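Enquirer: target09.cif (mmCIF, C-alpha atoms and all ligand atoms; chains and numbers go by the auth columns) pasted underneath:
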```cif
data_run
loop_
_atom_site.group_PDB
_atom_site.id
_atom_site.type_symbol
_atom_site.label_atom_id
_atom_site.label_comp_id
_atom_site.label_asym_id
_atom_site.label_seq_id
_atom_site.Cartn_x
_atom_site.Cartn_y
_atom_site.Cartn_z
_atom_site.B_iso_or_equiv
_atom_site.auth_seq_id
_atom_site.auth_asym_id
ATOM 1 C CA MET A 1 6.322 -4.088 24.120 0.00 207 Z
ATOM 2 C CA GLN A 2 8.726 -1.543 22.664 0.00 208 Z
ATOM 3 C CA PRO A 3 12.253 -2.970 22.494 0.00 209 Z
ATOM 4 C CA ASP A 4 15.151 -1.259 24.259 0.00 210 Z
ATOM 5 C CA ILE A 5 17.341 -0.341 21.288 0.00 211 Z
ATOM 6 C CA GLN A 6 20.994 0.279 22.154 0.00 212 Z
ATOM 7 C CA ILE A 7 23.277 1.616 19.398 0.00 213 Z
ATOM 8 C CA SER A 8 27.016 1.526 20.095 0.00 214 Z
ATOM 9 C CA ASP A 9 30.397 0.902 18.529 0.00 215 Z
ATOM 10 C CA ASP A 10 30.754 -2.364 20.456 0.00 216 Z
ATOM 11 C CA PRO A 11 27.456 -4.249 20.624 0.00 217 Z
ATOM 12 C CA ALA A 12 29.304 -7.568 20.745 0.00 218 Z
ATOM 13 C CA GLY A 13 31.082 -6.447 23.916 0.00 219 Z
ATOM 14 C CA THR A 14 27.763 -5.551 25.523 0.00 220 Z
ATOM 15 C CA ALA A 15 26.316 -8.910 24.507 0.00 221 Z
ATOM 16 C CA ALA A 16 29.325 -10.706 25.971 0.00 222 Z
ATOM 17 C CA GLU A 17 28.817 -8.940 29.313 0.00 223 Z
ATOM 18 C CA LEU A 18 25.114 -9.859 29.404 0.00 224 Z
ATOM 19 C CA LEU A 19 25.757 -13.530 28.593 0.00 225 Z
ATOM 20 C CA ALA A 20 28.537 -13.781 31.189 0.00 226 Z
ATOM 21 C CA GLU A 21 26.142 -12.587 33.912 0.00 227 Z
ATOM 22 C CA VAL A 22 23.654 -15.445 33.432 0.00 228 Z
ATOM 23 C CA THR A 23 23.822 -18.091 36.179 0.00 229 Z
ATOM 24 C CA GLY A 24 20.723 -20.087 35.225 0.00 230 Z
ATOM 25 C CA GLN A 25 19.566 -21.203 31.795 0.00 231 Z
ATOM 26 C CA LEU A 26 21.151 -19.464 28.799 0.00 232 Z
ATOM 27 C CA CYS A 27 20.049 -19.951 25.181 0.00 233 Z
ATOM 28 C CA ILE A 28 22.563 -19.003 22.522 0.00 234 Z
ATOM 29 C CA THR A 29 22.243 -18.622 18.774 0.00 235 Z
ATOM 30 C CA GLY A 30 24.217 -19.410 15.678 0.00 236 Z
ATOM 31 C CA GLY A 31 25.129 -17.765 12.419 0.00 237 Z
ATOM 32 C CA SER A 32 28.271 -15.651 12.222 0.00 238 Z
ATOM 33 C CA THR A 33 27.517 -12.467 14.184 0.00 239 Z
ATOM 34 C CA PRO A 34 27.599 -13.917 17.716 0.00 240 Z
ATOM 35 C CA ARG A 35 31.135 -15.306 17.355 0.00 241 Z
ATOM 36 C CA ALA A 36 32.531 -11.822 18.099 0.00 242 Z
ATOM 37 C CA ALA A 37 30.615 -11.830 21.391 0.00 243 Z
ATOM 38 C CA TYR A 38 31.328 -15.438 22.316 0.00 244 Z
ATOM 39 C CA GLU A 39 35.092 -14.946 21.908 0.00 245 Z
ATOM 40 C CA ARG A 40 34.981 -12.027 24.377 0.00 246 Z
ATOM 41 C CA ILE A 41 33.512 -14.110 27.229 0.00 247 Z
ATOM 42 C CA ALA A 42 36.206 -15.196 29.678 0.00 248 Z
ATOM 43 C CA GLU A 43 33.972 -17.772 31.386 0.00 249 Z
ATOM 44 C CA LEU A 44 30.281 -18.633 31.394 0.00 250 Z
ATOM 45 C CA ARG A 45 28.487 -19.099 34.737 0.00 251 Z
ATOM 46 C CA ALA A 46 25.258 -20.525 33.329 0.00 252 Z
ATOM 47 C CA ASP A 47 24.024 -23.886 34.646 0.00 253 Z
ATOM 48 C CA GLY A 48 22.481 -24.837 31.321 0.00 254 Z
ATOM 49 C CA ILE A 49 23.247 -23.818 27.766 0.00 255 Z
ATOM 50 C CA TRP A 50 20.635 -24.291 25.045 0.00 256 Z
ATOM 51 C CA PHE A 51 20.495 -23.446 21.325 0.00 257 Z
ATOM 52 C CA THR A 52 17.930 -21.388 19.424 0.00 258 Z
ATOM 53 C CA ASP A 53 18.316 -23.428 16.272 0.00 259 Z
ATOM 54 C CA GLU A 54 20.630 -25.703 14.347 0.00 260 Z
ATOM 55 C CA ARG A 55 21.368 -26.686 10.816 0.00 261 Z
ATOM 56 C CA CYS A 56 20.776 -30.389 10.041 0.00 262 Z
ATOM 57 C CA VAL A 57 24.434 -31.222 9.596 0.00 263 Z
ATOM 58 C CA PRO A 58 26.931 -33.105 11.784 0.00 264 Z
ATOM 59 C CA PRO A 59 28.319 -31.161 14.770 0.00 265 Z
ATOM 60 C CA ASP A 60 31.752 -30.828 13.147 0.00 266 Z
ATOM 61 C CA HIS A 61 30.361 -29.470 9.866 0.00 267 Z
ATOM 62 C CA GLU A 62 31.317 -25.943 8.770 0.00 268 Z
ATOM 63 C CA HIS A 63 27.632 -24.924 8.868 0.00 269 Z
ATOM 64 C CA SER A 64 27.017 -26.287 12.377 0.00 270 Z
ATOM 65 C CA ASN A 65 25.954 -23.649 14.917 0.00 271 Z
ATOM 66 C CA PHE A 66 27.222 -25.971 17.650 0.00 272 Z
ATOM 67 C CA ARG A 67 30.664 -26.118 16.028 0.00 273 Z
ATOM 68 C CA MET A 68 30.875 -22.312 15.891 0.00 274 Z
ATOM 69 C CA ALA A 69 29.777 -21.935 19.523 0.00 275 Z
ATOM 70 C CA ASN A 70 32.031 -24.767 20.665 0.00 276 Z
ATOM 71 C CA GLU A 71 35.090 -23.230 19.006 0.00 277 Z
ATOM 72 C CA ALA A 72 34.287 -19.688 20.193 0.00 278 Z
ATOM 73 C CA LEU A 73 32.877 -20.279 23.667 0.00 279 Z
ATOM 74 C CA LEU A 74 31.874 -23.654 25.002 0.00 280 Z
ATOM 75 C CA GLU A 75 35.360 -24.700 26.061 0.00 281 Z
ATOM 76 C CA ARG A 76 34.967 -21.931 28.682 0.00 282 Z
ATOM 77 C CA ALA A 77 31.474 -22.981 29.744 0.00 283 Z
ATOM 78 C CA GLY A 78 32.581 -24.092 33.212 0.00 284 Z
ATOM 79 C CA GLY A 79 30.331 -26.827 34.591 0.00 285 Z
ATOM 80 C CA ALA A 80 27.358 -25.980 32.407 0.00 286 Z
ATOM 81 C CA THR A 81 25.184 -28.691 30.905 0.00 287 Z
ATOM 82 C CA VAL A 82 25.275 -28.088 27.149 0.00 288 Z
ATOM 83 C CA HIS A 83 22.068 -29.120 25.389 0.00 289 Z
ATOM 84 C CA ARG A 84 23.149 -29.596 21.792 0.00 290 Z
ATOM 85 C CA MET A 85 20.516 -29.794 19.063 0.00 291 Z
ATOM 86 C CA LYS A 86 21.322 -33.005 17.183 0.00 292 Z
ATOM 87 C CA GLY A 87 21.102 -31.669 13.647 0.00 293 Z
ATOM 88 C CA GLU A 88 22.515 -34.910 12.290 0.00 294 Z
ATOM 89 C CA LEU A 89 19.181 -36.605 13.118 0.00 295 Z
ATOM 90 C CA GLY A 90 17.392 -34.457 10.532 0.00 296 Z
ATOM 91 C CA PRO A 91 14.596 -31.926 11.094 0.00 297 Z
ATOM 92 C CA ALA A 92 11.762 -34.166 12.300 0.00 298 Z
ATOM 93 C CA GLU A 93 13.701 -36.533 14.578 0.00 299 Z
ATOM 94 C CA GLY A 94 16.100 -33.802 15.657 0.00 300 Z
ATOM 95 C CA ALA A 95 13.220 -31.559 16.731 0.00 301 Z
ATOM 96 C CA ALA A 96 11.467 -34.439 18.504 0.00 302 Z
ATOM 97 C CA GLU A 97 14.654 -35.326 20.370 0.00 303 Z
ATOM 98 C CA TYR A 98 15.227 -31.718 21.498 0.00 304 Z
ATOM 99 C CA GLU A 99 11.603 -31.439 22.523 0.00 305 Z
ATOM 100 C CA ARG A 100 12.088 -34.513 24.714 0.00 306 Z
ATOM 101 C CA GLU A 101 15.261 -33.052 26.217 0.00 307 Z
ATOM 102 C CA TYR A 102 13.503 -29.734 26.885 0.00 308 Z
ATOM 103 C CA GLU A 103 10.549 -31.481 28.512 0.00 309 Z
ATOM 104 C CA LEU A 104 12.780 -33.760 30.592 0.00 310 Z
ATOM 105 C CA ALA A 105 14.547 -30.628 31.888 0.00 311 Z
ATOM 106 C CA GLY A 106 11.175 -29.299 33.051 0.00 312 Z
ATOM 107 C CA GLU A 107 10.569 -26.940 30.115 0.00 313 Z
ATOM 108 C CA PRO A 108 12.904 -24.303 31.570 0.00 314 Z
ATOM 109 C CA VAL A 109 12.352 -20.580 31.074 0.00 315 Z
ATOM 110 C CA PHE A 110 15.599 -19.243 29.675 0.00 316 Z
ATOM 111 C CA ASP A 111 17.012 -16.474 31.852 0.00 317 Z
ATOM 112 C CA LEU A 112 18.416 -14.953 28.694 0.00 318 Z
ATOM 113 C CA ILE A 113 18.092 -15.885 25.031 0.00 319 Z
ATOM 114 C CA LEU A 114 20.467 -14.409 22.452 0.00 320 Z
ATOM 115 C CA LEU A 115 19.016 -13.974 18.956 0.00 321 Z
ATOM 116 C CA GLY A 116 20.381 -12.918 15.595 0.00 322 Z
ATOM 117 C CA LEU A 117 18.590 -11.359 12.653 0.00 323 Z
ATOM 118 C CA GLY A 118 18.799 -12.346 9.028 0.00 324 Z
ATOM 119 C CA PRO A 119 18.637 -9.763 6.221 0.00 325 Z
ATOM 120 C CA ASP A 120 15.114 -11.124 5.586 0.00 326 Z
ATOM 121 C CA ALA A 121 14.228 -10.393 9.246 0.00 327 Z
ATOM 122 C CA HIS A 122 14.189 -14.071 10.197 0.00 328 Z
ATOM 123 C CA THR A 123 15.365 -15.138 13.613 0.00 329 Z
ATOM 124 C CA CYS A 124 16.195 -18.615 14.895 0.00 330 Z
ATOM 125 C CA SER A 125 15.224 -20.677 11.863 0.00 331 Z
ATOM 126 C CA LEU A 126 11.814 -19.017 11.675 0.00 332 Z
ATOM 127 C CA PHE A 127 11.676 -17.624 8.157 0.00 333 Z
ATOM 128 C CA PRO A 128 9.203 -15.166 6.575 0.00 334 Z
ATOM 129 C CA GLY A 129 5.727 -16.625 6.189 0.00 335 Z
ATOM 130 C CA ALA A 130 6.793 -19.993 7.576 0.00 336 Z
ATOM 131 C CA GLU A 131 4.166 -22.310 9.028 0.00 337 Z
ATOM 132 C CA ALA A 132 6.404 -22.660 12.096 0.00 338 Z
ATOM 133 C CA LEU A 133 5.625 -19.038 13.000 0.00 339 Z
ATOM 134 C CA GLY A 134 2.130 -20.140 13.921 0.00 340 Z
ATOM 135 C CA GLU A 135 3.218 -23.009 16.166 0.00 341 Z
ATOM 136 C CA ARG A 136 1.841 -22.423 19.651 0.00 342 Z
ATOM 137 C CA GLU A 137 2.079 -25.895 21.191 0.00 343 Z
ATOM 138 C CA ARG A 138 5.410 -27.469 20.303 0.00 344 Z
ATOM 139 C CA PRO A 139 8.585 -25.874 21.755 0.00 345 Z
ATOM 140 C CA VAL A 140 10.766 -27.111 18.895 0.00 346 Z
ATOM 141 C CA VAL A 141 10.025 -27.799 15.249 0.00 347 Z
ATOM 142 C CA GLY A 142 11.816 -29.102 12.206 0.00 348 Z
ATOM 143 C CA VAL A 143 12.172 -26.773 9.241 0.00 349 Z
ATOM 144 C CA GLU A 144 12.467 -28.751 5.999 0.00 350 Z
ATOM 145 C CA THR A 145 13.023 -25.765 3.704 0.00 351 Z
ATOM 146 C CA PRO A 146 14.930 -22.792 5.099 0.00 352 Z
ATOM 147 C CA GLY A 147 14.370 -19.387 3.556 0.00 353 Z
ATOM 148 C CA MET A 148 18.064 -18.581 3.396 0.00 354 Z
ATOM 149 C CA ALA A 149 21.471 -20.168 3.038 0.00 355 Z
ATOM 150 C CA PRO A 150 22.791 -22.492 4.172 0.00 356 Z
ATOM 151 C CA LEU A 151 20.070 -24.355 2.314 0.00 357 Z
ATOM 152 C CA VAL A 152 19.884 -27.317 4.648 0.00 358 Z
ATOM 153 C CA PRO A 153 16.926 -28.333 6.821 0.00 359 Z
ATOM 154 C CA ARG A 154 16.893 -26.894 10.339 0.00 360 Z
ATOM 155 C CA ILE A 155 15.728 -27.448 13.903 0.00 361 Z
ATOM 156 C CA SER A 156 14.285 -24.353 15.580 0.00 362 Z
ATOM 157 C CA LEU A 157 12.740 -23.188 18.813 0.00 363 Z
ATOM 158 C CA THR A 158 9.263 -21.774 18.338 0.00 364 Z
ATOM 159 C CA LEU A 159 7.963 -18.312 19.302 0.00 365 Z
ATOM 160 C CA PRO A 160 6.240 -19.383 22.544 0.00 366 Z
ATOM 161 C CA VAL A 161 9.570 -20.563 23.951 0.00 367 Z
ATOM 162 C CA VAL A 162 11.481 -17.529 22.650 0.00 368 Z
ATOM 163 C CA ASN A 163 8.896 -15.081 23.968 0.00 369 Z
ATOM 164 C CA GLY A 164 8.675 -16.902 27.272 0.00 370 Z
ATOM 165 C CA SER A 165 12.319 -16.112 28.053 0.00 371 Z
ATOM 166 C CA GLY A 166 13.204 -13.837 30.951 0.00 372 Z
ATOM 167 C CA ARG A 167 15.284 -11.565 28.766 0.00 373 Z
ATOM 168 C CA ILE A 168 15.567 -11.480 24.980 0.00 374 Z
ATOM 169 C CA VAL A 169 18.691 -9.942 23.446 0.00 375 Z
ATOM 170 C CA PHE A 170 19.215 -9.393 19.727 0.00 376 Z
ATOM 171 C CA LEU A 171 22.747 -8.784 18.476 0.00 377 Z
ATOM 172 C CA VAL A 172 22.728 -7.299 14.962 0.00 378 Z
ATOM 173 C CA THR A 173 25.586 -5.630 13.096 0.00 379 Z
ATOM 174 C CA GLY A 174 26.281 -4.472 9.554 0.00 380 Z
ATOM 175 C CA GLY A 175 24.530 -2.303 7.001 0.00 381 Z
ATOM 176 C CA ASP A 176 23.126 -5.343 5.216 0.00 382 Z
ATOM 177 C CA LYS A 177 20.786 -5.793 8.192 0.00 383 Z
ATOM 178 C CA ALA A 178 19.522 -2.165 8.320 0.00 384 Z
ATOM 179 C CA GLY A 179 16.323 -2.892 6.388 0.00 385 Z
ATOM 180 C CA ALA A 180 15.569 -5.970 8.465 0.00 386 Z
ATOM 181 C CA VAL A 181 16.201 -3.985 11.670 0.00 387 Z
ATOM 182 C CA ALA A 182 13.650 -1.374 10.631 0.00 388 Z
ATOM 183 C CA ARG A 183 11.087 -4.068 9.730 0.00 389 Z
ATOM 184 C CA ALA A 184 11.729 -6.058 12.877 0.00 390 Z
ATOM 185 C CA PHE A 185 11.938 -3.354 15.538 0.00 391 Z
ATOM 186 C CA ALA A 186 10.294 -0.201 14.141 0.00 392 Z
ATOM 187 C CA SER A 187 7.265 -1.632 12.372 0.00 393 Z
ATOM 188 C CA SER A 188 4.089 -3.466 13.352 0.00 394 Z
ATOM 189 C CA PRO A 189 4.404 -7.200 14.022 0.00 395 Z
ATOM 190 C CA ASP A 190 4.152 -9.080 10.734 0.00 396 Z
ATOM 191 C CA PRO A 191 4.887 -12.713 9.766 0.00 397 Z
ATOM 192 C CA SER A 192 6.828 -11.388 6.780 0.00 398 Z
ATOM 193 C CA ALA A 193 9.359 -10.143 9.345 0.00 399 Z
ATOM 194 C CA PRO A 194 9.493 -12.971 11.891 0.00 400 Z
ATOM 195 C CA ALA A 195 11.697 -11.084 14.387 0.00 401 Z
ATOM 196 C CA SER A 196 8.888 -8.510 14.677 0.00 402 Z
ATOM 197 C CA LEU A 197 6.812 -11.253 16.358 0.00 403 Z
ATOM 198 C CA VAL A 198 9.326 -11.614 19.184 0.00 404 Z
ATOM 199 C CA ASP A 199 7.807 -10.025 22.276 0.00 405 Z
ATOM 200 C CA GLY A 200 8.831 -9.632 25.864 0.00 406 Z
ATOM 201 C CA GLU A 201 11.706 -7.850 27.598 0.00 407 Z
ATOM 202 C CA VAL A 202 13.609 -7.224 24.360 0.00 408 Z
ATOM 203 C CA THR A 203 16.990 -5.528 24.131 0.00 409 Z
ATOM 204 C CA VAL A 204 18.371 -4.852 20.655 0.00 410 Z
ATOM 205 C CA LEU A 205 22.130 -4.347 20.440 0.00 411 Z
ATOM 206 C CA LEU A 206 23.122 -2.625 17.193 0.00 412 Z
ATOM 207 C CA ASP A 207 26.093 -0.951 15.603 0.00 413 Z
ATOM 208 C CA GLU A 208 25.576 2.323 13.681 0.00 414 Z
ATOM 209 C CA ALA A 209 25.400 0.566 10.309 0.00 415 Z
ATOM 210 C CA ALA A 210 22.636 -1.817 11.345 0.00 416 Z
ATOM 211 C CA ALA A 211 20.707 1.082 12.906 0.00 417 Z
ATOM 212 C CA ARG A 212 20.923 3.477 9.990 0.00 418 Z
ATOM 213 C CA ARG A 213 17.302 2.950 8.817 0.00 419 Z
ATOM 214 C CA LEU A 214 15.704 3.468 12.207 0.00 420 Z
HETATM 215 C C1 LIG B . 21.282 -19.434 11.957 0.00 501 Z
HETATM 216 C C2 LIG B . 20.907 -18.440 13.041 0.00 501 Z
HETATM 217 C C3 LIG B . 20.136 -17.352 12.383 0.00 501 Z
HETATM 218 C C4 LIG B . 21.075 -16.186 12.399 0.00 501 Z
HETATM 219 C C5 LIG B . 20.744 -15.219 11.315 0.00 501 Z
HETATM 220 C C6 LIG B . 21.832 -14.146 11.200 0.00 501 Z
HETATM 221 O O1 LIG B . 21.233 -20.652 12.191 0.00 501 Z
HETATM 222 O O2 LIG B . 21.684 -18.955 10.897 0.00 501 Z
HETATM 223 O O3 LIG B . 20.400 -18.919 14.138 0.00 501 Z
HETATM 224 O O4 LIG B . 18.927 -17.009 12.943 0.00 501 Z
HETATM 225 O O5 LIG B . 21.010 -15.541 13.666 0.00 501 Z
HETATM 226 O O6 LIG B . 20.669 -15.938 10.096 0.00 501 Z
HETATM 227 O O7 LIG B . 23.009 -14.811 10.834 0.00 501 Z
HETATM 228 P P1 LIG B . 24.407 -13.996 10.727 0.00 501 Z
HETATM 229 O O8 LIG B . 24.771 -13.629 12.122 0.00 501 Z
HETATM 230 O O9 LIG B . 25.352 -14.989 10.111 0.00 501 Z
HETATM 231 O O10 LIG B . 24.140 -12.800 9.852 0.00 501 Z
#
```
As structure tokens, how would this structure be written, given the file I've shared?
Expert:
Amino acid sequence: MQPDIQISDDPAGTAAELLAEVTGQLCITGGSTPRAAYERIAELRADGIWFTDERCVPPDHEHSNFRMANEALLERAGGATVHRMKGELGPAEGAAEYEREYELAGEPVFDLILLGLGPDAHTCSLFPGAEALGERERPVVGVETPGMAPLVPRISLTLPVVNGSGRIVFLVTGGDKAGAVARAFASSPDPSAPASLVDGEVTVLLDEAAARRL
């Protein structure tokens, strides 16, 4: 399905509005880009908050996606149930634990999932050519060797769960992502550009710099 590509001078503001509208199950992502959106959300109405991926570090570590989201957003998450990926358990046990939590919750379809994009066109912790890209059964996997910094093992949702979401929103800014944007959203699906394998009702929120190679 062709993504709905929206280029603006405030993609983070648009993302913040979309996340704030969700009343069901919301899946948020890590890295650095989303912080600008998270900080703009006055209050979340979602019942459940999930994570796309996590670094295998303690939740108070500088590389923790949970720590970033907690500082920028989760204190304003209202009565939501926050489903933290327990990175401190390591990739295998951490993925197994999240899989159990996801299954116990009835394998929810996320109303909206927010994704980022690495300069190598990875998303979640699904890196170019990774075996995890081919996973079709498990909802969550451990990633022993990430393709990019921070070079710590990861826990990541798999493509079936991502693509099964009601709405998929990428938030991508900065000229360093322009090549990845072109490979992910204006080229044929290819495991060398994992984000190009994301399919469904996809909205791509870009600033001019990230869109300059489209
Ligand atoms: C992570 C993210 C990852 C991120 C991209 C972009 O754990 O790093 O989930 O998929 O979205 O790496 O990261 P930046 O927003 O920091 O460029």
Enquirer: What's the 6 Å shell around segment 248-264 of chain Z, counting all atoms listed in the file, without same-chain residues fewer than 3 positions away, as an mmCIF file with C-alpha atoms, keeping the file's coordinate frame?
Expert:
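Result written to result_11.cif:
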```cif
data_model
loop_
_atom_site.group_PDB
_atom_site.id
_atom_site.type_symbol
_atom_site.label_atom_id
_atom_site.label_comp_id
_atom_site.auth_asym_id
_atom_site.auth_seq_id
_atom_site.Cartn_x
_atom_site.Cartn_y
_atom_site.Cartn_z
ATOM 1 C CA ALA Z 226 28.537 -13.781 31.189
ATOM 2 C CA VAL Z 228 23.654 -15.445 33.432
ATOM 3 C CA THR Z 229 23.822 -18.091 36.179
ATOM 4 C CA GLY Z 230 20.723 -20.087 35.225
ATOM 5 C CA GLN Z 231 19.566 -21.203 31.795
ATOM 6 C CA LEU Z 232 21.151 -19.464 28.799
ATOM 7 C CA CYS Z 233 20.049 -19.951 25.181
ATOM 8 C CA ILE Z 234 22.563 -19.003 22.522
ATOM 9 C CA THR Z 235 22.243 -18.622 18.774
ATOM 10 C CA HIS Z 267 30.361 -29.470 9.866
ATOM 11 C CA SER Z 270 27.017 -26.287 12.377
ATOM 12 C CA ASN Z 271 25.954 -23.649 14.917
ATOM 13 C CA ARG Z 282 34.967 -21.931 28.682
ATOM 14 C CA ALA Z 283 31.474 -22.981 29.744
ATOM 15 C CA ALA Z 286 27.358 -25.980 32.407
ATOM 16 C CA THR Z 287 25.184 -28.691 30.905
ATOM 17 C CA VAL Z 288 25.275 -28.088 27.149
ATOM 18 C CA HIS Z 289 22.068 -29.120 25.389
ATOM 19 C CA GLY Z 293 21.102 -31.669 13.647
ATOM 20 C CA GLU Z 294 22.515 -34.910 12.290
ATOM 21 C CA GLY Z 296 17.392 -34.457 10.532
ATOM 22 C CA CYS Z 330 16.195 -18.615 14.895
ATOM 23 C CA PRO Z 359 16.926 -28.333 6.821
ATOM 24 C CA ARG Z 360 16.893 -26.894 10.339
ATOM 25 C CA ILE Z 361 15.728 -27.448 13.903
ATOM 26 C CA SER Z 362 14.285 -24.353 15.580
ATOM 27 C CA LEU Z 363 12.740 -23.188 18.813
#
```
Enquirer: Nearest to Ala392 of chain Z among Z:Val358, Z:Leu377, Z:Ala327, Z:Ala221, with distances taken over all atoms listed in the file: which residue is it?
Expert: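 Closest residue, counting all atoms listed in the file: Z:Ala327.
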Enquirer: With a cut-off of 6 Å, could you pull out the residues of chain Z touching ligand LIG 501 (chain Z) and give me the nearest pair of atoms for each, distance in Å to one decimal, using all atoms listed in the file, ordered by chain and ascending number, as JSON lines?
Expert:
```
{"residue": "Z:Thr235", "atom": "CA", "partner": "Z:LIG501", "partner_atom": "O3", "distance": 5.0}
{"residue": "Z:Gly236", "atom": "CA", "partner": "Z:LIG501", "partner_atom": "O3", "distance": 4.1}
{"residue": "Z:Gly237", "atom": "CA", "partner": "Z:LIG501", "partner_atom": "O9", "distance": 3.6}
{"residue": "Z:Ser238", "atom": "CA", "partner": "Z:LIG501", "partner_atom": "O9", "distance": 3.7}
{"residue": "Z:Thr239", "atom": "CA", "partner": "Z:LIG501", "partner_atom": "O8", "distance": 3.6}
{"residue": "Z:Asp259", "atom": "CA", "partner": "Z:LIG501", "partner_atom": "O3", "distance": 5.4}
{"residue": "Z:Glu260", "atom": "CA", "partner": "Z:LIG501", "partner_atom": "O1", "distance": 5.5}
{"residue": "Z:Leu321", "atom": "CA", "partner": "Z:LIG501", "partner_atom": "O5", "distance": 5.9}
{"residue": "Z:Gly322", "atom": "CA", "partner": "Z:LIG501", "partner_atom": "O5", "distance": 3.3}
{"residue": "Z:Leu323", "atom": "CA", "partner": "Z:LIG501", "partner_atom": "C6", "distance": 4.5}
{"residue": "Z:Gly324", "atom": "CA", "partner": "Z:LIG501", "partner_atom": "C6", "distance": 4.1}
{"residue": "Z:Thr329", "atom": "CA", "partner": "Z:LIG501", "partner_atom": "O4", "distance": 4.1}
{"residue": "Z:Cys330", "atom": "CA", "partner": "Z:LIG501", "partner_atom": "O4", "distance": 3.7}
{"residue": "Z:Ser331", "atom": "CA", "partner": "Z:LIG501", "partner_atom": "O4", "distance": 5.3}
```
Enquirer: Under the rule that only C-alpha atoms are counted, which of Z:Ile319, Z:Ala386, Z:Ala243, Z:Val349 is the nearest residue to Ala401 of chain Z?
Expert: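 Between Z:Ile319, Z:Ala386, Z:Ala243, Z:Val349, the residue approaching Ala401 of chain Z most closely is Z:Ala386.
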Enquirer: Please expand the PyMOL selection byres (((chain Z and resi 410) around 12) and not hetatm) into the concrete residues it hits in this file, giving the result as a ChimeraX atom specification.
Expert: /Z:208-214,217-218,220-221,319-323,373-379,387-388,390-392,401-402,404-409,411-413,416-417
Enquirer: Just to confirm, what's the straight-line distance from atom CA of Arg418 of chain Z to atom CA of Gly385 of chain Z in Å (one decimal)?
Expert: 8.6 Å
Enquirer: My list of candidates is Z:Glu341, Z:Asp216, Z:Glu245, Z:Glu313. Which is closest to Glu277 of chain Z when distances are computed with only C-alpha atoms?
Expert: Z:Glu245
Enquirer: Counting all atoms listed in the file, which of Z:Ala222, Z:Ala384, Z:Ala311, Z:Leu280 gets nearest to Ala415 of chain Z?
Expert: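 Among Z:Ala222, Z:Ala384, Z:Ala311, Z:Leu280, it is Z:Ala384 that comes nearest to Ala415 of chain Z.
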Enquirer: Which one of Z:Gly353, Z:Pro240, Z:Pro366, Z:Gly348 sits closest to Phe333 of chain Z if you count all atoms listed in the file?
Expert: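 Nearest candidate to Phe333 of chain Z out of Z:Gly353, Z:Pro240, Z:Pro366, Z:Gly348: Z:Gly353.
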Enquirer: Report as AutoDock Vina command-line options the centre and the edge lengths, in Å to one decimal, of the axis-aligned box holding every listed atom of segment 258-277 of chain Z, padded by 5 Å on each side.
Expert:
```
--center_x 26.5 --center_y -27.2 --center_z 14.7 --size_x 27.2 --size_y 21.7 --size_z 21.9
```
Enquirer: Can you translate the PyMOL selection byres (((chain Z and resi 343) around 12) and not hetatm) into the concrete residues it hits in this file, as a list in words?
Expert: Glu305, Ala338, Leu339, Gly340, Glu341, Arg342, Arg344, Pro345, Val346, Val347, Leu363, Thr364, Leu365, Pro366 and Val367 of chain Z
